[in-house]
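In what follows, a single structure is set out as structure tokens and then discussed.
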Amino acid sequence: MVIKEYERFEAIAAQHRRDGNDATLDNVRERCQRSEDAWLKMAAQSRRTELRREERDRKTVMMAEA
């Protein structure tokens with residue numbers, strides 16, 4: 001099974017969430033939350049890019065078949 005880039009980003013974000021939940025210091029918890037947010041944004045962008053690529057590929061196939 002191939003892991004998609006956005007899935008890897010989401011896994012990293014989840015690890016930062018767990019680290020933040022386990023943190024005892026406020027600044028560490030806040031840093032983990034900021035990191036989680038950043039990774040989730042990258043995952044969302046990666047997912048959008050993949051969807052656009054798939055749509056472009058579908059259109060290319062349809063045009064080639066026409």
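Each chain of the structure tokens is named A, B, ... in the order shown, its residues numbered from 1; ligands are numbered from 1 in display order.
When the distance limit is 12 Å and only C-alpha atoms are what count, the residues near range 48-55 of chain A, minus those fewer than 4 positions from it on the same chain, are A:Lys4, A:Glu5, A:Tyr6, A:Glu7, A:Lys41, A:Met42, A:Ala43, A:Ala44, A:Lys59, A:Thr60, A:Val61, A:Met62.
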Handout entry: Pairwise distance for CA of Gln33 in chain A and CA of Glu10 in chain A, rounded to one decimal in Å
Key = 13.4 Å
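Each of A:Asn27, A:Arg17, A:Ile3, A:Ala64 was checked against Trp39 in chain A using only C-alpha atoms; the smallest atom-to-atom distance is that of A:Arg17.
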Problem - Distance query Arg34 in chain A at most 10 Å, only C-alpha atoms, self and fewer than 5 positions along chain excluded, as a ChimeraX atom specification - result: /A:13,16-17,20,28-29,39-40
